[in-house]
$ cat protein34.pdb   # PDB, C-alpha atoms
ATOM      1  CA  LYS A   1     -25.013  72.101 -70.170
ATOM      2  CA  LEU A   2     -24.100  68.621 -68.998
ATOM      3  CA  VAL A   3     -20.676  69.812 -67.858
ATOM      4  CA  GLY A   4     -22.216  72.670 -65.920
ATOM      5  CA  LEU A   5     -24.723  70.358 -64.289
ATOM      6  CA  LEU A   6     -22.023  67.928 -63.228
ATOM      7  CA  LEU A   7     -19.883  70.704 -61.770
ATOM      8  CA  LEU A   8     -22.822  71.926 -59.722
ATOM      9  CA  SER A   9     -23.584  68.396 -58.590
ATOM     10  CA  LEU A  10     -20.167  68.095 -56.959
ATOM     11  CA  LEU A  11     -21.462  70.266 -54.133
ATOM     12  CA  LEU A  12     -22.702  67.944 -51.445
ATOM     13  CA  ASN A  13     -26.096  68.302 -49.866
ATOM     14  CA  ALA A  14     -26.186  69.266 -46.223
ATOM     15  CA  CYS A  15     -29.415  69.193 -44.224
ATOM     16  CA  ALA A  16     -28.739  71.726 -41.494
ATOM     17  CA  ILE A  17     -32.312  72.962 -41.298
ATOM     18  CA  GLY A  18     -33.799  69.572 -40.439
ATOM     19  CA  THR A  19     -35.098  68.596 -37.051
ATOM     20  CA  THR A  20     -34.414  65.589 -34.853
ATOM     21  CA  ASP A  21     -36.807  66.329 -31.985
ATOM     22  CA  SER A  22     -39.314  63.744 -30.775
ATOM     23  CA  VAL A  23     -41.094  64.833 -27.580
ATOM     24  CA  PRO A  24     -39.125  67.884 -26.455
ATOM     25  CA  SER A  25     -38.987  69.296 -22.932
ATOM     26  CA  GLU A  26     -40.084  72.888 -22.306
ATOM     27  CA  LYS A  27     -36.545  74.238 -22.515
ATOM     28  CA  LYS A  28     -35.928  72.235 -25.660
ATOM     29  CA  LYS A  29     -39.100  73.700 -27.178
ATOM     30  CA  ARG A  30     -37.702  77.168 -26.592
ATOM     31  CA  ALA A  31     -34.327  76.144 -27.988
ATOM     32  CA  LYS A  32     -36.029  74.737 -31.077
ATOM     33  CA  SER A  33     -38.103  77.893 -31.590
ATOM     34  CA  PHE A  34     -35.062  80.142 -31.331
ATOM     35  CA  THR A  35     -33.103  77.840 -33.645
ATOM     36  CA  ASP A  36     -35.909  78.053 -36.210
ATOM     37  CA  VAL A  37     -35.738  81.859 -36.049
ATOM     38  CA  GLY A  38     -31.966  81.675 -36.458
ATOM     39  CA  ILE A  39     -32.401  79.493 -39.547
ATOM     40  CA  ALA A  40     -34.852  81.999 -41.042
ATOM     41  CA  HIS A  41     -32.309  84.802 -40.596
ATOM     42  CA  PHE A  42     -29.560  82.645 -42.070
ATOM     43  CA  LYS A  43     -31.695  81.933 -45.127
ATOM     44  CA  ASN A  44     -32.085  85.696 -45.510
ATOM     45  CA  ARG A  45     -28.287  86.069 -45.296
ATOM     46  CA  ASP A  46     -28.460  87.894 -41.982
ATOM     47  CA  ASN A  47     -25.723  85.963 -40.211
ATOM     48  CA  VAL A  48     -25.439  88.358 -37.279
ATOM     49  CA  SER A  49     -29.079  87.874 -36.308
ATOM     50  CA  ALA A  50     -28.808  84.154 -37.007
ATOM     51  CA  ARG A  51     -25.904  83.781 -34.589
ATOM     52  CA  ASN A  52     -27.703  85.849 -31.941
ATOM     53  CA  TRP A  53     -30.825  83.670 -32.061
ATOM     54  CA  LEU A  54     -28.788  80.477 -32.058
ATOM     55  CA  GLN A  55     -26.909  81.697 -28.988
ATOM     56  CA  LYS A  56     -30.270  82.386 -27.336
ATOM     57  CA  ALA A  57     -31.335  78.853 -28.169
ATOM     58  CA  LEU A  58     -28.247  77.453 -26.493
ATOM     59  CA  SER A  59     -28.749  79.701 -23.465
ATOM     60  CA  TYR A  60     -32.016  77.816 -22.861
ATOM     61  CA  ASP A  61     -30.586  74.391 -23.612
ATOM     62  CA  ASP A  62     -26.852  74.044 -24.113
ATOM     63  CA  SER A  63     -27.360  70.384 -25.037
ATOM     64  CA  TYR A  64     -29.523  71.179 -28.082
ATOM     65  CA  ALA A  65     -27.391  69.593 -30.777
ATOM     66  CA  ARG A  66     -29.302  70.990 -33.755
ATOM     67  CA  ALA A  67     -28.435  74.570 -32.769
ATOM     68  CA  TYR A  68     -24.735  73.676 -32.784
ATOM     69  CA  SER A  69     -25.039  72.107 -36.237
ATOM     70  CA  VAL A  70     -26.789  75.167 -37.673
ATOM     71  CA  LEU A  71     -24.284  77.466 -35.999
ATOM     72  CA  ALA A  72     -21.506  75.444 -37.606
ATOM     73  CA  THR A  73     -23.143  75.953 -40.994
ATOM     74  CA  VAL A  74     -23.282  79.710 -40.387
ATOM     75  CA  PHE A  75     -19.571  79.789 -39.587
ATOM     76  CA  GLN A  76     -18.834  77.619 -42.609
ATOM     77  CA  SER A  77     -20.606  80.142 -44.849
ATOM     78  CA  GLU A  78     -18.312  82.830 -43.408
ATOM     79  CA  LYS A  79     -15.221  80.692 -44.053
ATOM     80  CA  GLU A  80     -14.581  80.438 -40.319
ATOM     81  CA  TYR A  81     -13.598  76.833 -40.794
ATOM     82  CA  LYS A  82     -12.047  76.148 -37.390
ATOM     83  CA  LEU A  83     -15.153  77.405 -35.606
ATOM     84  CA  ALA A  84     -17.406  75.523 -38.007
ATOM     85  CA  GLU A  85     -15.606  72.252 -37.341
ATOM     86  CA  GLN A  86     -15.709  72.867 -33.601
ATOM     87  CA  TYR A  87     -19.498  73.219 -33.644
ATOM     88  CA  PHE A  88     -20.075  70.329 -36.052
ATOM     89  CA  LYS A  89     -18.120  68.114 -33.663
ATOM     90  CA  LYS A  90     -20.111  69.470 -30.727
ATOM     91  CA  SER A  91     -23.400  68.469 -32.343
ATOM     92  CA  ILE A  92     -22.063  64.968 -33.031
ATOM     93  CA  ALA A  93     -20.672  64.604 -29.513
ATOM     94  CA  LEU A  94     -24.139  65.343 -28.137
ATOM     95  CA  GLU A  95     -25.999  63.089 -30.590
ATOM     96  CA  PRO A  96     -23.508  60.688 -32.204
ATOM     97  CA  LYS A  97     -26.256  58.547 -33.749
ATOM     98  CA  THR A  98     -28.073  61.394 -35.503
ATOM     99  CA  ALA A  99     -27.514  60.884 -39.229
ATOM    100  CA  MET A 100     -28.247  64.507 -40.136
ATOM    101  CA  PHE A 101     -25.301  65.788 -38.105
ATOM    102  CA  ARG A 102     -22.964  63.174 -39.590
ATOM    103  CA  ASN A 103     -24.098  64.131 -43.097
ATOM    104  CA  ASN A 104     -23.580  67.846 -42.417
ATOM    105  CA  TYR A 105     -20.098  67.296 -41.033
ATOM    106  CA  GLY A 106     -19.255  64.943 -43.882
ATOM    107  CA  ALA A 107     -20.362  67.579 -46.409
ATOM    108  CA  PHE A 108     -18.145  70.111 -44.628
ATOM    109  CA  LEU A 109     -15.135  67.794 -44.770
ATOM    110  CA  PHE A 110     -15.817  67.094 -48.441
ATOM    111  CA  ALA A 111     -15.868  70.829 -49.182
ATOM    112  CA  ARG A 112     -12.512  71.118 -47.400
ATOM    113  CA  GLU A 113     -11.219  68.287 -49.650
ATOM    114  CA  ARG A 114     -10.623  66.038 -46.665
ATOM    115  CA  PHE A 115     -12.128  63.141 -48.557
ATOM    116  CA  PRO A 116     -11.106  60.083 -46.466
ATOM    117  CA  GLU A 117     -12.486  61.740 -43.306
ATOM    118  CA  ALA A 118     -15.599  62.829 -45.175
ATOM    119  CA  CYS A 119     -16.285  59.271 -46.345
ATOM    120  CA  VAL A 120     -16.142  57.994 -42.761
ATOM    121  CA  GLU A 121     -18.757  60.509 -41.603
ATOM    122  CA  LEU A 122     -20.977  60.028 -44.640
ATOM    123  CA  GLU A 123     -20.840  56.245 -44.228
ATOM    124  CA  LYS A 124     -22.122  56.674 -40.679
ATOM    125  CA  ALA A 125     -24.869  59.003 -41.922
ATOM    126  CA  THR A 126     -26.203  56.279 -44.228
ATOM    127  CA  GLN A 127     -26.467  53.622 -41.524
ATOM    128  CA  ASP A 128     -29.763  54.874 -40.089
ATOM    129  CA  PRO A 129     -32.535  53.183 -42.138
ATOM    130  CA  PHE A 130     -35.079  55.743 -40.882
ATOM    131  CA  TYR A 131     -33.101  58.845 -41.871
ATOM    132  CA  ASN A 132     -35.469  60.711 -44.205
ATOM    133  CA  GLN A 133     -32.552  62.042 -46.284
ATOM    134  CA  ARG A 134     -30.819  58.690 -46.576
ATOM    135  CA  ALA A 135     -30.930  58.628 -50.392
ATOM    136  CA  ARG A 136     -29.209  62.018 -50.471
ATOM    137  CA  ALA A 137     -26.619  60.879 -47.927
ATOM    138  CA  LEU A 138     -25.872  57.803 -50.068
ATOM    139  CA  ASP A 139     -25.440  60.058 -53.091
ATOM    140  CA  ASN A 140     -22.997  62.157 -51.052
ATOM    141  CA  LEU A 141     -21.160  58.997 -50.018
ATOM    142  CA  GLY A 142     -20.869  57.842 -53.633
ATOM    143  CA  ARG A 143     -19.349  61.163 -54.650
ATOM    144  CA  CYS A 144     -16.905  60.943 -51.777
ATOM    145  CA  TYR A 145     -15.758  57.421 -52.661
ATOM    146  CA  ALA A 146     -15.382  58.526 -56.282
ATOM    147  CA  GLN A 147     -12.957  61.227 -55.136
ATOM    148  CA  ILE A 148     -10.665  58.679 -53.482
ATOM    149  CA  LYS A 149     -10.935  56.256 -56.421
ATOM    150  CA  GLN A 150     -12.887  53.587 -54.556
ATOM    151  CA  ASN A 151     -15.086  53.006 -57.578
ATOM    152  CA  ALA A 152     -16.735  49.789 -56.417
ATOM    153  CA  LYS A 153     -17.906  51.412 -53.174
ATOM    154  CA  ALA A 154     -18.974  54.508 -55.080
ATOM    155  CA  GLY A 155     -21.073  52.424 -57.468
ATOM    156  CA  GLU A 156     -22.681  50.567 -54.582
ATOM    157  CA  ALA A 157     -23.578  53.828 -52.822
ATOM    158  CA  PHE A 158     -25.058  55.316 -55.998
ATOM    159  CA  GLN A 159     -27.094  52.135 -56.602
ATOM    160  CA  ARG A 160     -28.473  52.228 -53.059
ATOM    161  CA  SER A 161     -29.339  55.911 -53.483
ATOM    162  CA  VAL A 162     -31.271  55.190 -56.682
ATOM    163  CA  ASN A 163     -32.972  52.184 -55.026
ATOM    164  CA  LEU A 164     -34.267  54.497 -52.305
ATOM    165  CA  GLY A 165     -35.733  56.893 -54.843
ATOM    166  CA  GLY A 166     -32.825  59.292 -55.106
ATOM    167  CA  ARG A 167     -33.039  61.303 -58.352
ATOM    168  CA  SER A 168     -29.503  62.631 -58.545
ATOM    169  CA  SER A 169     -28.136  63.148 -62.053
ATOM    170  CA  PHE A 170     -24.644  62.542 -60.674
ATOM    171  CA  ALA A 171     -25.697  59.199 -59.163
ATOM    172  CA  LEU A 172     -27.461  58.058 -62.323
ATOM    173  CA  LEU A 173     -24.571  58.982 -64.616
ATOM    174  CA  ASN A 174     -21.963  57.323 -62.424
ATOM    175  CA  LEU A 175     -24.135  54.268 -61.903
ATOM    176  CA  SER A 176     -24.433  53.985 -65.687
ATOM    177  CA  LYS A 177     -20.652  54.170 -65.961
ATOM    178  CA  SER A 178     -20.145  51.500 -63.281
ATOM    179  CA  LEU A 179     -22.605  49.134 -64.962
ATOM    180  CA  LEU A 180     -20.909  49.635 -68.325
ATOM    181  CA  GLU A 181     -17.511  48.815 -66.810
ATOM    182  CA  ALA A 182     -19.061  45.662 -65.326
ATOM    183  CA  GLY A 183     -20.334  44.609 -68.754
ATOM    184  CA  GLU A 184     -23.984  45.312 -67.947
ATOM    185  CA  THR A 185     -24.630  47.182 -71.188
ATOM    186  CA  PHE A 186     -28.428  47.001 -71.139
ATOM    187  CA  LYS A 187     -28.725  48.190 -67.531
ATOM    188  CA  SER A 188     -26.092  50.869 -68.167
ATOM    189  CA  ASN A 189     -28.059  52.192 -71.124
ATOM    190  CA  ALA A 190     -31.260  52.293 -69.072
ATOM    191  CA  LYS A 191     -29.631  54.347 -66.308
ATOM    192  CA  TYR A 192     -28.045  56.659 -68.874
ATOM    193  CA  HIS A 193     -31.463  57.368 -70.379
ATOM    194  CA  GLU A 194     -32.829  58.066 -66.892
ATOM    195  CA  PHE A 195     -29.973  60.551 -66.517
ATOM    196  CA  LEU A 196     -30.840  62.230 -69.840
ATOM    197  CA  ASP A 197     -34.522  62.429 -68.891
ATOM    198  CA  LEU A 198     -33.637  64.084 -65.579
ATOM    199  CA  VAL A 199     -31.330  66.591 -67.277
ATOM    200  CA  THR A 200     -34.073  67.461 -69.769
ATOM    201  CA  ILE A 201     -36.600  68.019 -66.979
ATOM    202  CA  ASN A 202     -34.191  70.339 -65.130
ATOM    203  CA  GLN A 203     -33.277  72.463 -68.143
TER     204      GLN A 203
END

$ encode --input "protein34.pdb" --output "structure tokens"
Amino acid sequence: KLVGLLLLSLLLNACAIGTTDSVPSEKKKRAKSFTDVGIAHFKNRDNVSARNWLQKALSYDDSYARAYSVLATVFQSEKEYKLAEQYFKKSIALEPKTAMFRNNYGAFLFARERFPEACVELEKATQDPFYNQRARALDNLGRCYAQIKQNAKAGEAFQRSVNLGGRSSFALLNLSKSLLEAGETFKSNAKYHEFLDLVTINQ
């Protein structure tokens, strides 16, 4: 069961259905509404309708970055990787400081096993202290650094994720391992028991 859980945990968490709007204009309100409808269709695995609604959203506001990010996720699910990357980059070009878009693109790059590039994007995603998925982004970053054998950076990212309330079994297990390697046996044991408790809850 532990092996299966760890294999599943290698899949990074994207947040394509989030929102970054503050006080939207009228055209942005329409773009947001159409994007929300597109997301609903995507969740129901109706990609054709999802794409149509997302295109409608962009016809009202072709600068609405969230629609591009969701559209990229739709293409990614269809294994249209070139198109997916094109739209991920479009969302970032429009809103380079939006952590959600950096995290989504980083998760895409990770899935494509482009780990060094993924780590760059995920690092940027964690820099916004007000990003409401920051703990998850830090967990993603730790997994990415682990893939390229930067264990110290991975351990730091996992620790920051846990500090922010992240309850990732992957983060807890790897943090326990890092502490053990550093000679912090007591702290390592505590994190390992947190990991076991979380696994038991999720069984």

$ resolve_selection --input "protein34.pdb" --expression "the PyMOL selection byres ((chain A and resi 130-146) around 9)" --output "MDAnalysis selection string"
chainID A and resid 10:15 98:100 103 106:107 110 115:116 118:123 125:129 147:168 170:171 174

$ write_last_selection --input "protein34.pdb" --atoms "C-alpha atoms" --output "PDB file, in the coordinates of the input"
ATOM      1  CA  LEU A  10     -20.167  68.095 -56.959  1.00  0.00           C
ATOM      2  CA  LEU A  11     -21.462  70.266 -54.133  1.00  0.00           C
ATOM      3  CA  LEU A  12     -22.702  67.944 -51.445  1.00  0.00           C
ATOM      4  CA  ASN A  13     -26.096  68.302 -49.866  1.00  0.00           C
ATOM      5  CA  ALA A  14     -26.186  69.266 -46.223  1.00  0.00           C
ATOM      6  CA  CYS A  15     -29.415  69.193 -44.224  1.00  0.00           C
ATOM      7  CA  THR A  98     -28.073  61.394 -35.503  1.00  0.00           C
ATOM      8  CA  ALA A  99     -27.514  60.884 -39.229  1.00  0.00           C
ATOM      9  CA  MET A 100     -28.247  64.507 -40.136  1.00  0.00           C
ATOM     10  CA  ASN A 103     -24.098  64.131 -43.097  1.00  0.00           C
ATOM     11  CA  GLY A 106     -19.255  64.943 -43.882  1.00  0.00           C
ATOM     12  CA  ALA A 107     -20.362  67.579 -46.409  1.00  0.00           C
ATOM     13  CA  PHE A 110     -15.817  67.094 -48.441  1.00  0.00           C
ATOM     14  CA  PHE A 115     -12.128  63.141 -48.557  1.00  0.00           C
ATOM     15  CA  PRO A 116     -11.106  60.083 -46.466  1.00  0.00           C
ATOM     16  CA  ALA A 118     -15.599  62.829 -45.175  1.00  0.00           C
ATOM     17  CA  CYS A 119     -16.285  59.271 -46.345  1.00  0.00           C
ATOM     18  CA  VAL A 120     -16.142  57.994 -42.761  1.00  0.00           C
ATOM     19  CA  GLU A 121     -18.757  60.509 -41.603  1.00  0.00           C
ATOM     20  CA  LEU A 122     -20.977  60.028 -44.640  1.00  0.00           C
ATOM     21  CA  GLU A 123     -20.840  56.245 -44.228  1.00  0.00           C
ATOM     22  CA  ALA A 125     -24.869  59.003 -41.922  1.00  0.00           C
ATOM     23  CA  THR A 126     -26.203  56.279 -44.228  1.00  0.00           C
ATOM     24  CA  GLN A 127     -26.467  53.622 -41.524  1.00  0.00           C
ATOM     25  CA  ASP A 128     -29.763  54.874 -40.089  1.00  0.00           C
ATOM     26  CA  PRO A 129     -32.535  53.183 -42.138  1.00  0.00           C
ATOM     27  CA  GLN A 147     -12.957  61.227 -55.136  1.00  0.00           C
ATOM     28  CA  ILE A 148     -10.665  58.679 -53.482  1.00  0.00           C
ATOM     29  CA  LYS A 149     -10.935  56.256 -56.421  1.00  0.00           C
ATOM     30  CA  GLN A 150     -12.887  53.587 -54.556  1.00  0.00           C
ATOM     31  CA  ASN A 151     -15.086  53.006 -57.578  1.00  0.00           C
ATOM     32  CA  ALA A 152     -16.735  49.789 -56.417  1.00  0.00           C
ATOM     33  CA  LYS A 153     -17.906  51.412 -53.174  1.00  0.00           C
ATOM     34  CA  ALA A 154     -18.974  54.508 -55.080  1.00  0.00           C
ATOM     35  CA  GLY A 155     -21.073  52.424 -57.468  1.00  0.00           C
ATOM     36  CA  GLU A 156     -22.681  50.567 -54.582  1.00  0.00           C
ATOM     37  CA  ALA A 157     -23.578  53.828 -52.822  1.00  0.00           C
ATOM     38  CA  PHE A 158     -25.058  55.316 -55.998  1.00  0.00           C
ATOM     39  CA  GLN A 159     -27.094  52.135 -56.602  1.00  0.00           C
ATOM     40  CA  ARG A 160     -28.473  52.228 -53.059  1.00  0.00           C
ATOM     41  CA  SER A 161     -29.339  55.911 -53.483  1.00  0.00           C
ATOM     42  CA  VAL A 162     -31.271  55.190 -56.682  1.00  0.00           C
ATOM     43  CA  ASN A 163     -32.972  52.184 -55.026  1.00  0.00           C
ATOM     44  CA  LEU A 164     -34.267  54.497 -52.305  1.00  0.00           C
ATOM     45  CA  GLY A 165     -35.733  56.893 -54.843  1.00  0.00           C
ATOM     46  CA  GLY A 166     -32.825  59.292 -55.106  1.00  0.00           C
ATOM     47  CA  ARG A 167     -33.039  61.303 -58.352  1.00  0.00           C
ATOM     48  CA  SER A 168     -29.503  62.631 -58.545  1.00  0.00           C
ATOM     49  CA  PHE A 170     -24.644  62.542 -60.674  1.00  0.00           C
ATOM     50  CA  ALA A 171     -25.697  59.199 -59.163  1.00  0.00           C
ATOM     51  CA  ASN A 174     -21.963  57.323 -62.424  1.00  0.00           C
TER      52      ASN A 174
END

$ atom_distance --input "protein34.pdb" --atom1 "CA of Lys82 in chain A" --atom2 "CA of Phe42 in chain A"
19.3 Å

$ resolve_selection --input "protein34.pdb" --expression "the PyMOL selection byres ((chain A and resi 50) around 8)" --output "PyMOL selection string"
chain A and resi 37-42+46-49+51-54+74

$ write_last_selection --input "protein34.pdb" --atoms "C-alpha atoms" --output "mmCIF file, keeping the file's coordinate frame"
data_model
loop_
_atom_site.group_PDB
_atom_site.id
_atom_site.type_symbol
_atom_site.label_atom_id
_atom_site.label_comp_id
_atom_site.auth_asym_id
_atom_site.auth_seq_id
_atom_site.Cartn_x
_atom_site.Cartn_y
_atom_site.Cartn_z
ATOM 1 C CA VAL A 37 -35.738 81.859 -36.049
ATOM 2 C CA GLY A 38 -31.966 81.675 -36.458
ATOM 3 C CA ILE A 39 -32.401 79.493 -39.547
ATOM 4 C CA ALA A 40 -34.852 81.999 -41.042
ATOM 5 C CA HIS A 41 -32.309 84.802 -40.596
ATOM 6 C CA PHE A 42 -29.560 82.645 -42.070
ATOM 7 C CA ASP A 46 -28.460 87.894 -41.982
ATOM 8 C CA ASN A 47 -25.723 85.963 -40.211
ATOM 9 C CA VAL A 48 -25.439 88.358 -37.279
ATOM 10 C CA SER A 49 -29.079 87.874 -36.308
ATOM 11 C CA ARG A 51 -25.904 83.781 -34.589
ATOM 12 C CA ASN A 52 -27.703 85.849 -31.941
ATOM 13 C CA TRP A 53 -30.825 83.670 -32.061
ATOM 14 C CA LEU A 54 -28.788 80.477 -32.058
ATOM 15 C CA VAL A 74 -23.282 79.710 -40.387
#

$ atom_distance --input "protein34.pdb" --atom1 "CA of Glu113 in chain A" --atom2 "CA of Thr35 in chain A"
28.7 Å

$ axis_aligned_box --input "protein34.pdb" --around "range 132-148 of chain A" --padding-each-side "6 Å" --output "lines of an AutoDock Vina configuration file"
center_x = -23.1
center_y = 59.8
center_z = -50.2
size_x = 36.8
size_y = 16.7
size_z = 24.1

$ atom_distance --input "protein34.pdb" --atom1 "CA of Phe88 in chain A" --atom2 "CA of Asp61 in chain A"
16.8 Å

$ residues_around --input "protein34.pdb" --residues "Tyr64 in chain A" --least-positions-apart "3" --cutoff "10 Å" --atoms "all atoms listed in the file" --output "VMD selection string"
chain A and resid 21 27 to 29 31 to 32 35 57 to 61 67 to 69 90 to 91 94 to 95

$ closest_residue --input "protein34.pdb" --among "A:His193, A:Arg45, A:Arg66, A:Lys56" --to "Asn104 in chain A" --atoms "only C-alpha atoms"
A:Arg66
